[in-house]
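Coordinates from model.pdb are shown below (PDB, C-alpha atoms).
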ATOM      1  CA  MET W   1     -52.134 -16.389  11.763
ATOM      2  CA  SER W   2     -53.057 -12.939  10.525
ATOM      3  CA  TYR W   3     -51.354  -9.624  11.199
ATOM      4  CA  SER W   4     -52.627  -6.080  10.866
ATOM      5  CA  VAL W   5     -50.840  -3.522   8.710
ATOM      6  CA  GLY W   6     -49.593  -1.809  11.868
ATOM      7  CA  GLN W   7     -48.113  -5.025  13.222
ATOM      8  CA  VAL W   8     -46.376  -5.813   9.928
ATOM      9  CA  SER W   9     -45.065  -2.275   9.747
ATOM     10  CA  ALA W  10     -43.576  -2.568  13.235
ATOM     11  CA  PHE W  11     -41.738  -5.860  12.909
ATOM     12  CA  ALA W  12     -40.733  -5.464   9.240
ATOM     13  CA  GLY W  13     -39.290  -1.969   9.730
ATOM     14  CA  VAL W  14     -41.299  -0.347   6.931
ATOM     15  CA  THR W  15     -43.941   2.342   7.107
ATOM     16  CA  VAL W  16     -47.669   1.731   6.806
ATOM     17  CA  ARG W  17     -47.582   4.065   3.820
ATOM     18  CA  THR W  18     -45.026   1.798   2.113
ATOM     19  CA  LEU W  19     -47.226  -1.271   2.668
ATOM     20  CA  HIS W  20     -50.205   0.568   1.218
ATOM     21  CA  HIS W  21     -48.051   1.536  -1.799
ATOM     22  CA  TYR W  22     -46.976  -2.077  -2.336
ATOM     23  CA  ASP W  23     -50.639  -3.071  -2.254
ATOM     24  CA  ARG W  24     -51.706  -0.439  -4.791
ATOM     25  CA  ALA W  25     -48.813  -1.438  -7.058
ATOM     26  CA  GLY W  26     -49.978  -5.064  -6.964
ATOM     27  CA  LEU W  27     -46.674  -6.110  -5.434
ATOM     28  CA  LEU W  28     -47.966  -7.207  -2.048
ATOM     29  CA  SER W  29     -51.706  -7.501  -1.626
ATOM     30  CA  PRO W  30     -52.699  -8.886   1.794
ATOM     31  CA  GLY W  31     -54.366 -12.256   1.811
ATOM     32  CA  GLY W  32     -57.319 -11.181   3.911
ATOM     33  CA  ARG W  33     -59.413  -8.406   5.352
ATOM     34  CA  SER W  34     -60.960  -7.885   8.750
ATOM     35  CA  HIS W  35     -64.699  -7.486   9.222
ATOM     36  CA  ALA W  36     -64.089  -3.750   9.232
ATOM     37  CA  GLY W  37     -62.217  -3.958   5.914
ATOM     38  CA  TYR W  38     -58.697  -3.558   7.279
ATOM     39  CA  ARG W  39     -55.785  -5.365   5.603
ATOM     40  CA  LEU W  40     -54.668  -8.643   7.185
ATOM     41  CA  TYR W  41     -51.368 -10.299   6.235
ATOM     42  CA  ASP W  42     -50.754 -14.023   6.570
ATOM     43  CA  ASP W  43     -47.460 -15.962   6.737
ATOM     44  CA  ALA W  44     -47.229 -16.224   2.935
ATOM     45  CA  ASP W  45     -47.611 -12.454   2.657
ATOM     46  CA  LEU W  46     -44.800 -11.962   5.158
ATOM     47  CA  ALA W  47     -42.545 -14.313   3.194
ATOM     48  CA  ARG W  48     -43.259 -12.307   0.028
ATOM     49  CA  LEU W  49     -42.579  -9.048   1.885
ATOM     50  CA  GLN W  50     -39.251 -10.446   3.021
ATOM     51  CA  GLN W  51     -38.333 -11.141  -0.594
ATOM     52  CA  ILE W  52     -39.391  -7.651  -1.656
ATOM     53  CA  LEU W  53     -37.282  -6.041   1.047
ATOM     54  CA  PHE W  54     -34.308  -8.234   0.135
ATOM     55  CA  TYR W  55     -34.430  -7.132  -3.489
ATOM     56  CA  ARG W  56     -35.017  -3.506  -2.498
ATOM     57  CA  GLU W  57     -31.893  -3.652  -0.336
ATOM     58  CA  LEU W  58     -29.965  -4.785  -3.410
ATOM     59  CA  GLY W  59     -31.244  -1.752  -5.299
ATOM     60  CA  PHE W  60     -33.862  -3.325  -7.555
ATOM     61  CA  SER W  61     -36.765  -1.149  -8.675
ATOM     62  CA  LEU W  62     -40.328  -2.165  -7.814
ATOM     63  CA  ASP W  63     -40.967  -3.056 -11.452
ATOM     64  CA  GLU W  64     -37.900  -5.325 -11.477
ATOM     65  CA  ILE W  65     -39.020  -6.958  -8.228
ATOM     66  CA  ALA W  66     -42.486  -7.546  -9.636
ATOM     67  CA  ASP W  67     -40.933  -9.213 -12.675
ATOM     68  CA  ILE W  68     -38.773 -11.458 -10.503
ATOM     69  CA  LEU W  69     -41.640 -12.466  -8.247
ATOM     70  CA  LYS W  70     -43.818 -13.491 -11.195
ATOM     71  CA  ASP W  71     -41.569 -16.511 -11.639
ATOM     72  CA  PRO W  72     -38.741 -16.604  -9.061
ATOM     73  CA  GLN W  73     -37.243 -19.808 -10.456
ATOM     74  CA  ALA W  74     -36.920 -18.391 -13.955
ATOM     75  CA  ASN W  75     -36.068 -14.763 -13.214
ATOM     76  CA  ALA W  76     -34.216 -14.471  -9.898
ATOM     77  CA  LEU W  77     -30.816 -15.857 -10.903
ATOM     78  CA  GLU W  78     -30.582 -13.816 -14.090
ATOM     79  CA  HIS W  79     -31.557 -10.608 -12.293
ATOM     80  CA  LEU W  80     -29.211 -11.289  -9.384
ATOM     81  CA  ARG W  81     -26.268 -11.878 -11.682
ATOM     82  CA  ALA W  82     -26.988  -8.664 -13.565
ATOM     83  CA  ARG W  83     -27.305  -6.788 -10.292
ATOM     84  CA  GLN W  84     -24.050  -8.289  -9.041
ATOM     85  CA  ARG W  85     -22.270  -6.952 -12.128
ATOM     86  CA  ARG W  86     -23.757  -3.495 -11.628
ATOM     87  CA  LEU W  87     -22.846  -3.509  -7.935
ATOM     88  CA  GLY W  88     -19.291  -4.522  -8.817
ATOM     89  CA  GLU W  89     -19.068  -1.599 -11.245
ATOM     90  CA  GLU W  90     -20.515   0.758  -8.652
ATOM     91  CA  ILE W  91     -18.094  -0.462  -5.991
ATOM     92  CA  ALA W  92     -15.187   0.151  -8.378
ATOM     93  CA  ARG W  93     -16.513   3.645  -9.124
ATOM     94  CA  LEU W  94     -16.923   4.461  -5.428
ATOM     95  CA  ARG W  95     -13.411   3.220  -4.716
ATOM     96  CA  ARG W  96     -12.084   5.563  -7.380
ATOM     97  CA  LEU W  97     -14.073   8.406  -5.853
ATOM     98  CA  ALA W  98     -12.740   7.516  -2.394
ATOM     99  CA  GLU W  99      -9.193   7.659  -3.752
ATOM    100  CA  VAL W 100      -9.897  11.045  -5.317
ATOM    101  CA  ALA W 101     -11.382  12.284  -2.022
ATOM    102  CA  GLU W 102      -8.404  10.976  -0.058
ATOM    103  CA  ARG W 103      -6.048  12.662  -2.497
ATOM    104  CA  ALA W 104      -7.962  15.944  -2.148
ATOM    105  CA  ILE W 105      -7.850  15.681   1.653
ATOM    106  CA  GLU W 106      -4.087  15.107   1.584
ATOM    107  CA  VAL W 107      -3.522  18.098  -0.684
ATOM    108  CA  GLN W 108      -5.766  20.318   1.447
ATOM    109  CA  GLN W 109      -4.298  19.214   4.771
ATOM    110  CA  THR W 110      -0.622  18.800   3.931
ATOM    111  CA  GLY W 111      -0.277  21.157   0.985
ATOM    112  CA  VAL W 112       1.678  18.536  -0.949
ATOM    113  CA  SER W 113       0.324  18.227  -4.484
ATOM    114  CA  LEU W 114       2.052  14.990  -5.527
ATOM    115  CA  THR W 115       0.843  11.504  -6.390
ATOM    116  CA  PRO W 116       1.441   8.764  -3.766
ATOM    117  CA  GLU W 117       4.247   7.373  -5.944
ATOM    118  CA  GLU W 118       5.871  10.803  -6.221
ATOM    119  CA  ARG W 119       5.550  11.314  -2.467
ATOM    120  CA  PHE W 120       7.339   8.055  -1.782
ATOM    121  CA  ASP W 121      10.020   8.920  -4.318
ATOM    122  CA  VAL W 122      10.605  12.419  -2.915
ATOM    123  CA  PHE W 123       9.994  12.054   0.818
ATOM    124  CA  GLY W 124      11.158   8.500   1.514
ATOM    125  CA  GLU W 125      10.750   7.859   5.243
ATOM    126  CA  ILE W 126       9.229  11.261   5.962
ATOM    127  CA  ALA W 127       5.490  10.670   6.296
ATOM    128  CA  PHE W 128       2.680  13.223   6.583
ATOM    129  CA  ASP W 129       0.266  12.235   9.347
ATOM    130  CA  LEU W 130      -3.177  13.478   8.289
ATOM    131  CA  SER W 131      -4.425  13.553  11.882
ATOM    132  CA  TYR W 132      -1.592  15.926  12.779
ATOM    133  CA  ALA W 133      -2.160  17.950   9.604
ATOM    134  CA  THR W 134      -5.856  18.290  10.483
ATOM    135  CA  GLU W 135      -5.088  19.450  14.019
ATOM    136  CA  ALA W 136      -2.527  21.918  12.689
ATOM    137  CA  GLN W 137      -5.117  23.297  10.254
ATOM    138  CA  LEU W 138      -7.565  23.829  13.105
ATOM    139  CA  LYS W 139      -4.932  25.198  15.475
ATOM    140  CA  TRP W 140      -3.585  27.745  13.005
ATOM    141  CA  ALA W 141      -6.781  28.339  11.012
ATOM    142  CA  ASP W 142      -6.672  32.094  11.596
ATOM    143  CA  SER W 143      -2.963  32.402  10.925
ATOM    144  CA  GLY W 144      -1.850  34.216   7.784
ATOM    145  CA  GLY W 145       1.392  32.263   7.988
ATOM    146  CA  GLN W 146      -0.471  28.944   7.875
ATOM    147  CA  ARG W 147      -2.450  30.023   4.819
ATOM    148  CA  GLU W 148       0.691  31.227   3.055
ATOM    149  CA  SER W 149       2.538  28.028   3.942
ATOM    150  CA  MET W 150      -0.247  25.840   2.546
ATOM    151  CA  ALA W 151      -0.512  27.889  -0.638
ATOM    152  CA  ARG W 152       3.230  27.827  -1.275
ATOM    153  CA  ALA W 153       3.477  24.118  -0.491
ATOM    154  CA  ALA W 154       0.663  23.331  -2.933
ATOM    155  CA  ALA W 155       2.465  25.351  -5.622
ATOM    156  CA  HIS W 156       5.781  23.492  -5.243
ATOM    157  CA  SER W 157       6.719  21.284  -8.165
ATOM    158  CA  LYS W 158       8.217  17.832  -7.788
ATOM    159  CA  GLU W 159      11.667  19.328  -8.397
ATOM    160  CA  ASP W 160      11.016  21.990  -5.753
ATOM    161  CA  TRP W 161      10.247  19.248  -3.262
ATOM    162  CA  ARG W 162      13.368  17.345  -4.293
ATOM    163  CA  GLN W 163      15.532  20.410  -3.633
ATOM    164  CA  LEU W 164      13.717  21.138  -0.378
ATOM    165  CA  MET W 165      14.266  17.573   0.815
ATOM    166  CA  ARG W 166      17.940  17.622  -0.183
ATOM    167  CA  GLU W 167      18.432  20.734   1.919
ATOM    168  CA  ALA W 168      16.475  19.206   4.797
ATOM    169  CA  GLY W 169      18.489  15.983   4.599
ATOM    170  CA  ALA W 170      21.816  17.820   4.690
ATOM    171  CA  TRP W 171      20.646  19.912   7.632
ATOM    172  CA  ARG W 172      19.397  16.818   9.468
ATOM    173  CA  ALA W 173      22.760  15.116   9.044
ATOM    174  CA  GLU W 174      24.454  18.138  10.638
ATOM    175  CA  LEU W 175      21.945  18.164  13.484
ATOM    176  CA  LEU W 176      22.525  14.471  14.212
ATOM    177  CA  ALA W 177      26.289  14.985  14.089
ATOM    178  CA  ALA W 178      26.121  17.885  16.561
ATOM    179  CA  PHE W 179      23.897  15.885  18.900
ATOM    180  CA  ASP W 180      26.070  12.760  18.681
ATOM    181  CA  ASP W 181      29.202  14.861  19.246
ATOM    182  CA  GLY W 182      27.756  16.136  22.504
ATOM    183  CA  GLU W 183      27.530  19.758  21.388
ATOM    184  CA  SER W 184      25.572  21.940  23.779
ATOM    185  CA  ALA W 185      22.041  22.754  22.639
ATOM    186  CA  ASP W 186      22.621  26.425  23.432
ATOM    187  CA  GLY W 187      26.078  26.494  21.857
ATOM    188  CA  GLU W 188      26.993  28.203  18.612
ATOM    189  CA  ARG W 189      26.906  25.075  16.476
ATOM    190  CA  ALA W 190      23.418  24.029  17.607
ATOM    191  CA  MET W 191      22.036  27.565  17.447
ATOM    192  CA  ASP W 192      23.410  28.006  13.928
ATOM    193  CA  LEU W 193      21.602  24.809  12.920
ATOM    194  CA  ALA W 194      18.403  26.129  14.495
ATOM    195  CA  GLU W 195      18.809  29.347  12.513
ATOM    196  CA  GLU W 196      19.327  27.340   9.335
ATOM    197  CA  HIS W 197      16.071  25.493  10.048
ATOM    198  CA  ARG W 198      14.234  28.795  10.557
ATOM    199  CA  LEU W 199      15.540  30.180   7.278
ATOM    200  CA  HIS W 200      14.606  26.941   5.516
ATOM    201  CA  ILE W 201      10.995  27.406   6.640
ATOM    202  CA  SER W 202      11.027  31.036   5.481
ATOM    203  CA  ARG W 203      12.557  30.127   2.132
ATOM    204  CA  TRP W 204      10.139  27.334   1.270
ATOM    205  CA  PHE W 205       6.923  27.995   3.219
ATOM    206  CA  THR W 206       6.316  31.227   5.119
ATOM    207  CA  SER W 207       8.145  33.988   6.926
ATOM    208  CA  CYS W 208       9.279  32.494  10.239
ATOM    209  CA  PRO W 209      10.303  35.071  12.842
ATOM    210  CA  PRO W 210      11.865  33.783  16.087
ATOM    211  CA  ALA W 211       8.564  33.776  17.991
ATOM    212  CA  MET W 212       6.931  31.548  15.368
ATOM    213  CA  HIS W 213       9.983  29.292  15.294
ATOM    214  CA  ARG W 214       9.700  28.796  19.042
ATOM    215  CA  ARG W 215       6.073  27.698  18.649
ATOM    216  CA  ILE W 216       7.062  25.268  15.906
ATOM    217  CA  ALA W 217       9.844  23.890  18.121
ATOM    218  CA  ASP W 218       7.415  23.452  21.016
ATOM    219  CA  ASP W 219       5.184  21.343  18.743
ATOM    220  CA  ILE W 220       8.191  19.262  17.693
ATOM    221  CA  VAL W 221       9.067  18.577  21.330
ATOM    222  CA  ALA W 222       5.480  17.858  22.413
ATOM    223  CA  ASP W 223       4.181  15.826  19.469
ATOM    224  CA  PRO W 224       6.038  12.837  17.943
ATOM    225  CA  ARG W 225       4.079  13.349  14.710
ATOM    226  CA  ALA W 226       5.574  16.828  14.322
ATOM    227  CA  PHE W 227       9.071  15.564  15.143
ATOM    228  CA  ALA W 228       8.690  12.803  12.530
ATOM    229  CA  LEU W 229       8.290  15.499   9.859
ATOM    230  CA  VAL W 230      11.765  16.743  10.772
ATOM    231  CA  VAL W 231      13.586  13.522  11.663
ATOM    232  CA  PRO W 232      12.212  10.149  10.501
ATOM    233  CA  PRO W 233      11.822   7.513  13.253
ATOM    234  CA  SER W 234      14.770   5.453  12.012
ATOM    235  CA  GLN W 235      17.123   8.398  12.654
ATOM    236  CA  GLN W 236      15.677   9.626  15.931
ATOM    237  CA  ARG W 237      17.599   9.497  19.209
ATOM    238  CA  PRO W 238      16.274   9.783  22.757
ATOM    239  CA  GLY W 239      16.414  13.413  23.735
ATOM    240  CA  LEU W 240      16.943  14.718  20.178
ATOM    241  CA  ALA W 241      13.573  16.504  19.965
ATOM    242  CA  ALA W 242      14.226  18.290  23.257
ATOM    243  CA  TYR W 243      17.727  19.140  22.056
ATOM    244  CA  LEU W 244      16.376  20.763  18.905
ATOM    245  CA  GLY W 245      13.710  22.605  20.894
ATOM    246  CA  LYS W 246      16.308  24.032  23.262
ATOM    247  CA  ALA W 247      18.548  25.060  20.338
ATOM    248  CA  VAL W 248      15.632  26.864  18.660
ATOM    249  CA  HIS W 249      14.760  28.736  21.847
ATOM    250  CA  ALA W 250      18.393  29.686  22.385
ATOM    251  CA  ASN W 251      18.697  30.912  18.822
ATOM    252  CA  ALA W 252      15.416  32.830  19.088
ATOM    253  CA  ALA W 253      16.733  34.596  22.176
ATOM    254  CA  ARG W 254      19.964  35.390  20.330
ATOM    255  CA  ARG W 255      18.112  36.746  17.289
ATOM    256  CA  THR W 256      15.780  38.827  19.451
ATOM    257  CA  GLU W 257      18.736  40.327  21.275
ATOM    258  CA  ASP W 258      20.238  41.144  17.882
ATOM    259  CA  GLY W 259      17.072  43.033  16.918
ATOM    260  CA  GLU W 260      15.283  40.285  14.913
ATOM    261  CA  ASP W 261      11.534  40.903  14.621
ATOM    262  CA  ARG W 262       9.438  38.927  17.015
TER     263      ARG W 262
END

Show me, as structure tokens, the structure contained in the file I just sent.
Amino acid sequence: MSYSVGQVSAFAGVTVRTLHHYDRAGLLSPGGRSHAGYRLYDDADLARLQQILFYRELGFSLDEIADILKDPQANALEHLRARQRRLGEEIARLRRLAEVAERAIEVQQTGVSLTPEERFDVFGEIAFDLSYATEAQLKWADSGGQRESMARAAAHSKEDWRQLMREAGAWRAELLAAFDDGESADGERAMDLAEEHRLHISRWFTSCPPAMHRRIADDIVADPRAFALVVPPSQQRPGLAAYLGKAVHANAARRTEDGEDR
């Protein structure tokens, strides 16, 4: 059975121009012609085209394919093995690039310029969720505070992060103790802890007036990913996020009454 160039183009998924190019290159010359001189491809031509497309998919050049097809038994295995080695090298290179890209994304979105090993060493259970970091970037894109926070975070050394995390860990222990002791969220002890958290943000990231602290607390209450940056899941208690949110709001009201900038 014979097929026109248009038919072959349609069911092989290649353009007519490509088939004409293969013909001119001597790679795939159709076995017949119509009375009007149009190319006609037979079953053997289609089998050869299938081989060409297979090798093209593997990245072989047309010259390499032509060499293989001159004597498939002698040339195919050697070429395929060589191509397999090159593909393996390319895969390894792309994996390295993917790791570099992932690292760049993490730095851009979380502001933490540490290796994965250093992150584990410094942060332990505290994990940075990139989906949350991305949403935060979009949400606060026009905020000068967000830009300052990211810049300062990226500039922190490993020892800076160690000190930051020591302070955060000590504060978290006090928060858990107040919560477990049944202290009121709008009492002095809880409000003082909320104020300590606000000052911690100002000291390490960006100026955090009461109004900003309230917005941060609202995120902590509404989004488990934000809360996990403050209290790791293994230390969380039911109602603790809401407790912290209420303490922050109470402290913000206290600071505002005392003349703290909004």

Taking the file as shown, find all residues satisfying the PyMOL selection byres ((chain W and resi 171) around 10) and write them as a ChimeraX atom specification. /W:165-170,172-177,193-194,196-197,200,230

Matched chain/residue IDs from the PyMOL selection byres ((chain W and resi 218) around 12), as a list in words: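 This file, filtered by the PyMOL selection byres ((chain W and resi 218) around 12), leaves Ala211, Met212, His213, Arg214, Arg215, Ile216, Ala217, Asp219, Ile220, Val221, Ala222, Asp223, Pro224, Ala226, Phe227, Ala241, Ala242, Tyr243, Leu244, Gly245, Lys246, Ala247, Val248 and His249 of chain W.
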
Padding 5 Å on every side, please: axis-aligned box over the listed atoms of range 32-46 of chain W, centre and edge lengths to one decimal in Å, as AutoDock Vina command-line options.
--center_x -54.7 --center_y -9.9 --center_z 5.9 --size_x 29.9 --size_y 22.7 --size_z 16.6

For Pro209 in chain W, which of W:Ala92, W:Ala252, W:Leu27, W:Ala185 is the closest residue, counting only C-alpha atoms?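 The shortest atom-to-atom distance to Pro209 in chain W comes from W:Ala252.
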
For the structure shown, which residues end up in the PyMOL selection byres ((chain W and resi 66) around 12)? Put them as JSON, numbers by chain, please? {"W": [22, 23, 25, 26, 27, 28, 48, 49, 51, 52, 53, 55, 56, 60, 61, 62, 63, 64, 65, 67, 68, 69, 70, 71, 72, 75, 76, 79]}

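CA of Glu57 in chain W is positioned 13.2 Å from CA of Ala12 in chain W.
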
Arg33 in chain W: which residues within 12 Å, counting only C-alpha atoms, same-chain residues fewer than 4 positions away excluded, as a compact mmCIF listing (two decimals) with C-alpha atoms, keeping the file's coordinate frame?
# COMPACT_ATOMS: atom_id res chain seq x y z
CA SER W 2 -53.06 -12.94 10.52
CA TYR W 3 -51.35 -9.62 11.20
CA SER W 4 -52.63 -6.08 10.87
CA VAL W 5 -50.84 -3.52 8.71
CA SER W 29 -51.71 -7.50 -1.63
CA GLY W 37 -62.22 -3.96 5.91
CA TYR W 38 -58.70 -3.56 7.28
CA ARG W 39 -55.78 -5.36 5.60
CA LEU W 40 -54.67 -8.64 7.18
CA TYR W 41 -51.37 -10.30 6.24
CA ASP W 42 -50.75 -14.02 6.57

Length of the CA of His35 in chain W to CA of His20 in chain W vector [Å]: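 Atom-to-atom, CA of His35 in chain W to CA of His20 in chain W, that is 18.4 Å.
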
Any idea what the distance is between CA of Gly13 in chain W and CA of Arg83 in chain W? 23.8 Å

Would you list the contacts of Gly145 in chain W as a list of chain:residue names, taking every protein, DNA or RNA residue within 9 Å and counting only C-alpha atoms, but skipping same-chain residues closer than 4 positions in sequence?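 Surrounding residues, per the criterion: W:Trp140, W:Ser149, W:Met150, W:Phe205, W:Thr206, W:Ser207, W:Cys208.
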